[in-house]
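Working notes for the structure below.
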Amino acid sequence: MSKGSGSELTQILKRWSDGDPTAENALLEEVYGTLRAMARSRLAQERAGHTLQPTALVHEAYLKISEGATVDWRDRVHFLAVAARVMRQLLVDAGRRRSADKRTPDPPLTTSLVESSAAPVDVLDLERALERLERLNPNQARVVELRCFGGLTVPEVASVLGISTATVNRSWRAARTWLKDELDPGDQG
């Protein structure tokens, strides 16, 4: 967050949940920079030529989040976790629209799971794999979502999920390995 501390944001979120009409403007001021950084980081992984811009993703995400203003917000990390889920949904929806419209020149949305030098993965392929992983191991799928779509750090993911950082690291490694195998069936021999 560019302004204030996590506890200040927690207070703003609580006021917003309680229906304080001034809290929404304060919240937007407080989180806009962070949401934009999340979107910019996520979209920086995209192939050249896509038209989805960080500002548009932030605005769409914030609108969806503000529709759920009745959420009992716990803290900054809880807010970022919800933002990660919303951004995932928006990116997947954008990918589906692009796939449905064969006339669009945009390349597919992609992400990298392992390292920046790894080949990018189509967001729709990742979504299908994450849905399968959610059925097998919901915790690992949530770790991937928070790390890939939310850009949360290992300690932040641990806080959101109420688990240790060691467990997050193990889940992250296992999920990336599973997803790499799932998304690259040519390597399975």
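Going through the structure tokens in order, the chains are called A, B, and so on, while each chain numbers its residues from 1 and the ligands are numbered from 1 in the order shown.
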Pick out the residues sitting within 8 Å of segment 58-60 of chain A, and hand them over as a PyMOL selection string; count only C-alpha atoms, and ignore anything fewer than 6 positions along from it in its own chain.
chain A and resi 32+35-36+39+90
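Between Val168 of chain A and the candidates A:Glu134, A:Leu146, A:Leu183, A:Glu29, the tightest atom-to-atom separation, counting only C-alpha atoms, involves A:Leu146.
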Report as number ranges by chain all protein, DNA and RNA residues lying within 10 Å of Arg142 of chain A, evaluated on only C-alpha atoms, omitting residues in the same chain fewer than 5 positions from it.
A: 81, 85, 130, 133-134, 137, 147-148, 157, 160-161, 171-172, 175
Export all heavy atoms of the chosen residues as a compact mmCIF listing (two decimals), in the first residue's frame?
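What follows is the written file part.txt:
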# COMPACT_ATOMS: atom_id res chain seq x y z
N ALA A 81 -6.35 -11.13 -1.04
CA ALA A 81 -6.72 -12.48 -1.45
C ALA A 81 -8.01 -12.44 -2.28
O ALA A 81 -8.12 -13.13 -3.31
CB ALA A 81 -6.90 -13.38 -0.24
N ARG A 85 -8.55 -13.42 -6.35
CA ARG A 85 -9.61 -14.27 -6.88
C ARG A 85 -10.39 -13.53 -7.98
O ARG A 85 -10.68 -14.09 -9.02
CB ARG A 85 -10.53 -14.71 -5.74
CG ARG A 85 -11.81 -15.42 -6.10
CD ARG A 85 -11.73 -16.83 -6.65
NE ARG A 85 -10.86 -17.75 -6.00
CZ ARG A 85 -11.20 -18.74 -5.19
NH1 ARG A 85 -12.47 -18.93 -4.88
NH2 ARG A 85 -10.29 -19.55 -4.71
N LEU A 130 -6.10 -25.73 -12.93
CA LEU A 130 -6.38 -25.35 -11.54
C LEU A 130 -7.70 -25.93 -11.06
O LEU A 130 -7.82 -26.32 -9.90
CB LEU A 130 -6.41 -23.82 -11.39
CG LEU A 130 -5.08 -23.15 -11.15
CD1 LEU A 130 -5.24 -21.63 -11.12
CD2 LEU A 130 -4.44 -23.64 -9.87
N LEU A 133 -6.82 -29.39 -10.16
CA LEU A 133 -6.04 -29.38 -8.93
C LEU A 133 -6.92 -29.07 -7.72
O LEU A 133 -6.74 -29.66 -6.66
CB LEU A 133 -4.89 -28.37 -9.02
CG LEU A 133 -3.96 -28.28 -7.81
CD1 LEU A 133 -3.31 -29.64 -7.50
CD2 LEU A 133 -2.89 -27.21 -8.04
N GLU A 134 -7.91 -28.19 -7.88
CA GLU A 134 -8.83 -27.88 -6.78
C GLU A 134 -9.57 -29.11 -6.31
O GLU A 134 -9.84 -29.26 -5.12
CB GLU A 134 -9.82 -26.79 -7.20
CG GLU A 134 -9.20 -25.40 -7.21
CD GLU A 134 -10.11 -24.34 -7.80
OE1 GLU A 134 -11.08 -24.67 -8.53
OE2 GLU A 134 -9.84 -23.16 -7.54
N ASN A 137 -6.48 -31.17 -4.60
CA ASN A 137 -5.85 -30.53 -3.45
C ASN A 137 -6.22 -29.05 -3.45
O ASN A 137 -5.50 -28.22 -4.01
CB ASN A 137 -4.33 -30.71 -3.50
CG ASN A 137 -3.66 -30.31 -2.20
OD1 ASN A 137 -4.01 -29.31 -1.60
ND2 ASN A 137 -2.71 -31.11 -1.77
N ARG A 147 -0.54 -16.76 -5.39
CA ARG A 147 0.80 -16.41 -5.87
C ARG A 147 0.76 -15.90 -7.32
O ARG A 147 1.34 -14.87 -7.62
CB ARG A 147 1.74 -17.61 -5.76
CG ARG A 147 1.95 -18.13 -4.36
CD ARG A 147 2.96 -17.36 -3.56
NE ARG A 147 4.29 -17.62 -4.11
CZ ARG A 147 5.26 -16.71 -4.12
NH1 ARG A 147 5.08 -15.53 -3.63
NH2 ARG A 147 6.42 -17.02 -4.63
N CYS A 148 0.07 -16.61 -8.21
CA CYS A 148 0.07 -16.26 -9.64
C CYS A 148 -0.83 -15.07 -9.97
O CYS A 148 -0.45 -14.20 -10.73
CB CYS A 148 -0.36 -17.44 -10.50
SG CYS A 148 0.89 -18.70 -10.65
N VAL A 157 0.44 -15.33 1.82
CA VAL A 157 -0.37 -16.52 1.54
C VAL A 157 -0.58 -17.32 2.82
O VAL A 157 -1.70 -17.78 3.10
CB VAL A 157 0.30 -17.40 0.44
CG1 VAL A 157 -0.44 -18.73 0.29
CG2 VAL A 157 0.34 -16.66 -0.89
N VAL A 160 -3.27 -15.59 4.83
CA VAL A 160 -4.61 -15.77 4.25
C VAL A 160 -5.14 -17.16 4.56
O VAL A 160 -6.29 -17.34 4.95
CB VAL A 160 -4.59 -15.55 2.72
CG1 VAL A 160 -5.88 -16.03 2.08
CG2 VAL A 160 -4.36 -14.09 2.40
N LEU A 161 -4.29 -18.17 4.38
CA LEU A 161 -4.73 -19.56 4.53
C LEU A 161 -4.62 -20.08 5.97
O LEU A 161 -5.10 -21.18 6.24
CB LEU A 161 -3.95 -20.46 3.58
CG LEU A 161 -4.10 -20.15 2.09
CD1 LEU A 161 -3.24 -21.08 1.25
CD2 LEU A 161 -5.56 -20.23 1.67
N SER A 171 3.56 -26.58 -0.57
CA SER A 171 2.39 -26.60 -1.46
C SER A 171 2.71 -25.94 -2.79
O SER A 171 2.31 -26.43 -3.85
CB SER A 171 1.21 -25.89 -0.79
OG SER A 171 0.76 -26.60 0.32
N TRP A 172 3.42 -24.84 -2.76
CA TRP A 172 3.79 -24.11 -3.97
C TRP A 172 4.67 -24.97 -4.87
O TRP A 172 4.43 -25.08 -6.06
CB TRP A 172 4.47 -22.81 -3.56
CG TRP A 172 4.99 -21.92 -4.65
CD1 TRP A 172 6.27 -21.44 -4.77
CD2 TRP A 172 4.27 -21.33 -5.74
NE1 TRP A 172 6.38 -20.63 -5.86
CE2 TRP A 172 5.16 -20.53 -6.47
CE3 TRP A 172 2.94 -21.41 -6.17
CZ2 TRP A 172 4.79 -19.83 -7.62
CZ3 TRP A 172 2.57 -20.70 -7.30
CH2 TRP A 172 3.49 -19.93 -8.01
N ALA A 175 2.54 -27.96 -6.20
CA ALA A 175 1.55 -27.51 -7.17
C ALA A 175 2.21 -27.14 -8.49
O ALA A 175 1.71 -27.49 -9.57
CB ALA A 175 0.76 -26.32 -6.62
